[in-house]
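Peer 1: Supplied in structure tokens, the structure appears directly below.
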Amino acid sequence: MNKIEEKALKILTILHDNGHESYIVGGYVRDKLLNRSSNDIDICTSATPKEIIKLFPNTSSPNYGSINITYKNTNFDITTFRRDIKYQDNRLPVKIKYIKSIKKDLLRRDFTINTFCINKDGKVKDYLNATPDLNAKIIKTVGNPKHRLKEDSLRILRAVRFATILDFDIEDKTKQYLTEYAPLLKKLSYQRKKQELDKIFTSHKKEKGIKLLIDLNIAEYLEIPNLKNITPCDDLIGIWTQANVDDLYPFTKIEKMQMKKIREILNQDIYNPYTLYSNDLYNLTVAYQIKKESISKLNELYQNLPIHSSKEIAINGKDISNLLNKEPGNYIKEIITDLEKQILNGKILNEKQALEKYILSKYK
């Protein structure tokens, strides 16, 4: 048991001592049963938001019955048992009802493997008999997938994400409705879609996740038509670079610039010394991954370059202007670029006398 779970169990005890049933729920319990490390703990309780606030003063404002509290310098989300009565835009519950039953609360959740609970004594409870699905490594909705996926379209991507990161299979009926309701993804924000896709693309089983998105006809509604042509690589930016959806999905300015640079490298001779010299090593590494080239070979080539910046050239701008007996100007930058290429291609030694001779013969 880790320290965060210990704090969570103390919260459960406080709630219990004040007459409120409470549990650790969701992904943390699932991961614990699968011997996967996790620190993301959610708590659910029969206490209403007002009752929670009385017990834990350091709280956020309630949001659909969920409150974020700070307990012993750690944040926890606590949600009141509820039933979701009405959803809006196939995503958000807009009408809920607080209830007192943990089992009824679990019935509104997405997949059976996410319905395990831990009580105040640290004992795992399986109220919906999800153990067979966990043992069989199956992703299956709680109840009829026809209703569960339609009410919240994000669950379509979550199903693929769990199947990917856990290396589970998706139950046939659930799989059928993933395909049928895939068009609902077009209503989902690109931000939410990207959050799920990032987790799929960074999984050690990313190839499986990408294949599921294609085979289930989900990729079409994600508006990533060339997903089938993507080369899986270790770097997330490398995958998004190939997806080429910078104009749709949210990226920072730095990420967009990185993707632009990587695409430029992919259109160049990646073994050319000037390509290696004039590009950031990170961008080069991603490009090599996409092209399935050896990273150790890249590092060897890069380290063996005769120069790695213009500062290493044995002559500087002032030297050049004195040599040509001219005032400094834009021509110096042109000459420096020329020298870089000549040195990198092995046509001139990076020695001051050799460089001066070349400059005088070409520019005097």
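If you're wondering about the labels, chains in the structure tokens are A, B, ... by order shown, residues count from 1 in each chain, ligands from 1 in order shown.
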Contacts of Thr275 of chain A at 12 Å or less, counting only C-alpha atoms, minus same-chain residues fewer than 4 places along, as number ranges by chain?
Peer 2: A: 261-262, 264-271, 279-281, 283-284, 287, 298, 301-302, 305, 308, 340-341, 344-345
Peer 1: Next, the residues of the selection above should be written as an mmCIF file, in the first residue's frame with N, CA, C and O atoms.
Peer 2:
data_model
loop_
_atom_site.group_PDB
_atom_site.id
_atom_site.type_symbol
_atom_site.label_atom_id
_atom_site.label_comp_id
_atom_site.auth_asym_id
_atom_site.auth_seq_id
_atom_site.Cartn_x
_atom_site.Cartn_y
_atom_site.Cartn_z
ATOM 1 N N LYS A 261 9.490 21.228 -38.644
ATOM 2 C CA LYS A 261 10.910 20.945 -38.851
ATOM 3 C C LYS A 261 11.144 19.462 -39.170
ATOM 4 O O LYS A 261 11.950 19.121 -40.042
ATOM 5 N N ILE A 262 10.443 18.601 -38.457
ATOM 6 C CA ILE A 262 10.610 17.164 -38.684
ATOM 7 C C ILE A 262 10.180 16.792 -40.098
ATOM 8 O O ILE A 262 10.836 15.998 -40.771
ATOM 9 N N GLU A 264 10.272 18.718 -42.669
ATOM 10 C CA GLU A 264 11.317 19.229 -43.570
ATOM 11 C C GLU A 264 12.482 18.244 -43.632
ATOM 12 O O GLU A 264 13.025 17.973 -44.713
ATOM 13 N N ILE A 265 12.874 17.713 -42.479
ATOM 14 C CA ILE A 265 13.982 16.747 -42.438
ATOM 15 C C ILE A 265 13.612 15.495 -43.233
ATOM 16 O O ILE A 265 14.450 14.944 -43.962
ATOM 17 N N LEU A 266 12.367 15.049 -43.096
ATOM 18 C CA LEU A 266 11.917 13.840 -43.794
ATOM 19 C C LEU A 266 11.997 13.991 -45.307
ATOM 20 O O LEU A 266 12.079 13.002 -46.041
ATOM 21 N N ASN A 267 11.959 15.240 -45.773
ATOM 22 C CA ASN A 267 12.044 15.500 -47.221
ATOM 23 C C ASN A 267 13.470 15.783 -47.676
ATOM 24 O O ASN A 267 13.699 16.152 -48.824
ATOM 25 N N GLN A 268 14.437 15.626 -46.756
ATOM 26 C CA GLN A 268 15.844 15.851 -47.090
ATOM 27 C C GLN A 268 16.613 14.528 -47.045
ATOM 28 O O GLN A 268 16.071 13.503 -46.641
ATOM 29 N N ASP A 269 17.849 14.599 -47.467
ATOM 30 C CA ASP A 269 18.752 13.452 -47.334
ATOM 31 C C ASP A 269 19.207 13.410 -45.874
ATOM 32 O O ASP A 269 20.007 14.244 -45.449
ATOM 33 N N ILE A 270 18.690 12.466 -45.095
ATOM 34 C CA ILE A 270 18.957 12.460 -43.654
ATOM 35 C C ILE A 270 20.386 12.052 -43.318
ATOM 36 O O ILE A 270 20.786 12.125 -42.151
ATOM 37 N N TYR A 271 21.152 11.619 -44.324
ATOM 38 C CA TYR A 271 22.558 11.297 -44.083
ATOM 39 C C TYR A 271 23.486 12.433 -44.495
ATOM 40 O O TYR A 271 24.686 12.386 -44.240
ATOM 41 N N ASN A 279 20.094 20.936 -38.176
ATOM 42 C CA ASN A 279 18.848 20.601 -37.488
ATOM 43 C C ASN A 279 19.097 20.195 -36.039
ATOM 44 O O ASN A 279 20.162 19.665 -35.706
ATOM 45 N N ASP A 280 18.095 20.447 -35.220
ATOM 46 C CA ASP A 280 18.151 20.070 -33.818
ATOM 47 C C ASP A 280 18.225 18.552 -33.688
ATOM 48 O O ASP A 280 17.542 17.819 -34.418
ATOM 49 N N LEU A 281 19.053 18.070 -32.763
ATOM 50 C CA LEU A 281 19.253 16.622 -32.616
ATOM 51 C C LEU A 281 17.960 15.907 -32.243
ATOM 52 O O LEU A 281 17.726 14.774 -32.667
ATOM 53 N N ASN A 283 14.853 16.739 -33.227
ATOM 54 C CA ASN A 283 14.071 16.603 -34.462
ATOM 55 C C ASN A 283 14.668 15.535 -35.376
ATOM 56 O O ASN A 283 13.933 14.777 -36.021
ATOM 57 N N LEU A 284 15.990 15.478 -35.424
ATOM 58 C CA LEU A 284 16.658 14.453 -36.226
ATOM 59 C C LEU A 284 16.330 13.052 -35.694
ATOM 60 O O LEU A 284 16.057 12.130 -36.478
ATOM 61 N N ALA A 287 12.862 12.057 -36.711
ATOM 62 C CA ALA A 287 12.840 11.748 -38.147
ATOM 63 C C ALA A 287 13.462 10.383 -38.422
ATOM 64 O O ALA A 287 12.949 9.605 -39.235
ATOM 65 N N LEU A 298 22.808 7.559 -36.169
ATOM 66 C CA LEU A 298 22.625 9.015 -36.166
ATOM 67 C C LEU A 298 23.602 9.668 -35.202
ATOM 68 O O LEU A 298 24.277 10.647 -35.556
ATOM 69 N N LEU A 301 27.133 9.604 -36.594
ATOM 70 C CA LEU A 301 27.308 10.571 -37.677
ATOM 71 C C LEU A 301 27.377 11.998 -37.128
ATOM 72 O O LEU A 301 28.204 12.808 -37.562
ATOM 73 N N TYR A 302 26.509 12.279 -36.176
ATOM 74 C CA TYR A 302 26.452 13.624 -35.608
ATOM 75 C C TYR A 302 27.739 13.962 -34.855
ATOM 76 O O TYR A 302 28.306 15.050 -35.016
ATOM 77 N N LEU A 305 30.770 14.899 -37.074
ATOM 78 C CA LEU A 305 30.771 16.100 -37.907
ATOM 79 C C LEU A 305 31.993 16.954 -37.563
ATOM 80 O O LEU A 305 32.358 17.088 -36.395
ATOM 81 N N HIS A 308 29.978 21.657 -35.264
ATOM 82 C CA HIS A 308 28.588 21.538 -34.821
ATOM 83 C C HIS A 308 27.898 22.891 -34.713
ATOM 84 O O HIS A 308 26.695 22.950 -34.473
ATOM 85 N N GLU A 340 30.466 26.684 -43.979
ATOM 86 C CA GLU A 340 29.872 25.554 -43.248
ATOM 87 C C GLU A 340 29.714 24.351 -44.186
ATOM 88 O O GLU A 340 30.111 23.226 -43.849
ATOM 89 N N LYS A 341 29.140 24.606 -45.349
ATOM 90 C CA LYS A 341 28.882 23.517 -46.295
ATOM 91 C C LYS A 341 30.182 22.917 -46.827
ATOM 92 O O LYS A 341 30.294 21.693 -46.977
ATOM 93 N N LEU A 344 31.744 20.859 -43.937
ATOM 94 C CA LEU A 344 30.954 19.659 -43.642
ATOM 95 C C LEU A 344 31.086 18.613 -44.746
ATOM 96 O O LEU A 344 31.066 17.406 -44.479
ATOM 97 N N ASN A 345 31.210 19.076 -45.981
ATOM 98 C CA ASN A 345 31.339 18.145 -47.107
ATOM 99 C C ASN A 345 32.786 17.712 -47.344
ATOM 100 O O ASN A 345 33.082 16.991 -48.305
#
Peer 1: When you look at Thr179 of chain A with a cut-off of 7 Å (counting only C-alpha atoms), what residues show up, excluding the ones that are within fewer than 5 positions of it in the same chain? I need them as a PyMOL selection string.
Peer 2: chain A and resi 216-218
Peer 1: Print the selection's residues with C-alpha atoms to a file, as a CSV table (one decimal), in the first residue's frame.
Peer 2:
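Written out: selection-v3.csv:
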chain,number,residue,atom,x,y,z
A,216,LEU,CA,-13.3,-0.4,-35.9
A,217,ASN,CA,-13.7,2.4,-38.5
A,218,ILE,CA,-13.1,5.0,-35.8
Peer 1: Please determine, counting only C-alpha atoms, which residue among A:Leu154, A:Ile343, A:Leu15, A:Ile96 has the shortest atom-to-atom distance to Lys54 of chain A.
Peer 2: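 Ranking A:Leu154, A:Ile343, A:Leu15, A:Ile96 by distance to Lys54 of chain A, first place goes to A:Leu15.
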Peer 1: What's the 10 Å shell around Leu128 of chain A, counting only C-alpha atoms, without same-chain residues fewer than 3 positions away, as number ranges by chain?
Peer 2: A: 103-104, 106-107, 112-113, 115-116, 125, 131, 142
Peer 1: Please return, as a PyMOL selection string, all residues of segment 51-240 of chain A that DSSP assigns to strand (DSSP E) on the basis of the backbone.
Peer 2: chain A and resi 66-71+74-80+82-88+92-98+117-118+124-125+138-139+169-170
Peer 1: Near Tyr358 of chain A, within 10 Å and counting only C-alpha atoms, which residues show up once chain neighbours fewer than 6 positions away are dropped, as a list in words?
Peer 2: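 Skipping anything fewer than 6 positions along the chain leaves Leu339, Gln342, Ile348, Lys352 and Lys364 of chain A.
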Peer 1: For the residues selected in the previous step, produce a file with N, CA, C and O atoms as a compact mmCIF listing (two decimals), in the first residue's frame.
Peer 2:
# COMPACT_ATOMS: atom_id res chain seq x y z
N LEU A 339 31.06 28.47 -46.06
CA LEU A 339 32.15 27.78 -45.36
C LEU A 339 31.63 26.55 -44.61
O LEU A 339 32.29 25.50 -44.61
N GLN A 342 31.16 23.77 -47.11
CA GLN A 342 32.43 23.28 -47.64
C GLN A 342 33.17 22.43 -46.60
O GLN A 342 33.73 21.37 -46.92
N ILE A 348 37.01 21.56 -47.62
CA ILE A 348 38.01 22.47 -47.04
C ILE A 348 38.26 22.02 -45.60
O ILE A 348 37.33 21.67 -44.88
N LYS A 352 42.45 28.07 -40.44
CA LYS A 352 42.33 29.47 -40.84
C LYS A 352 43.00 29.77 -42.18
O LYS A 352 42.42 30.45 -43.03
N LYS A 364 37.15 37.71 -53.35
CA LYS A 364 37.94 38.95 -53.47
C LYS A 364 37.63 39.61 -54.81
O LYS A 364 37.75 38.96 -55.86
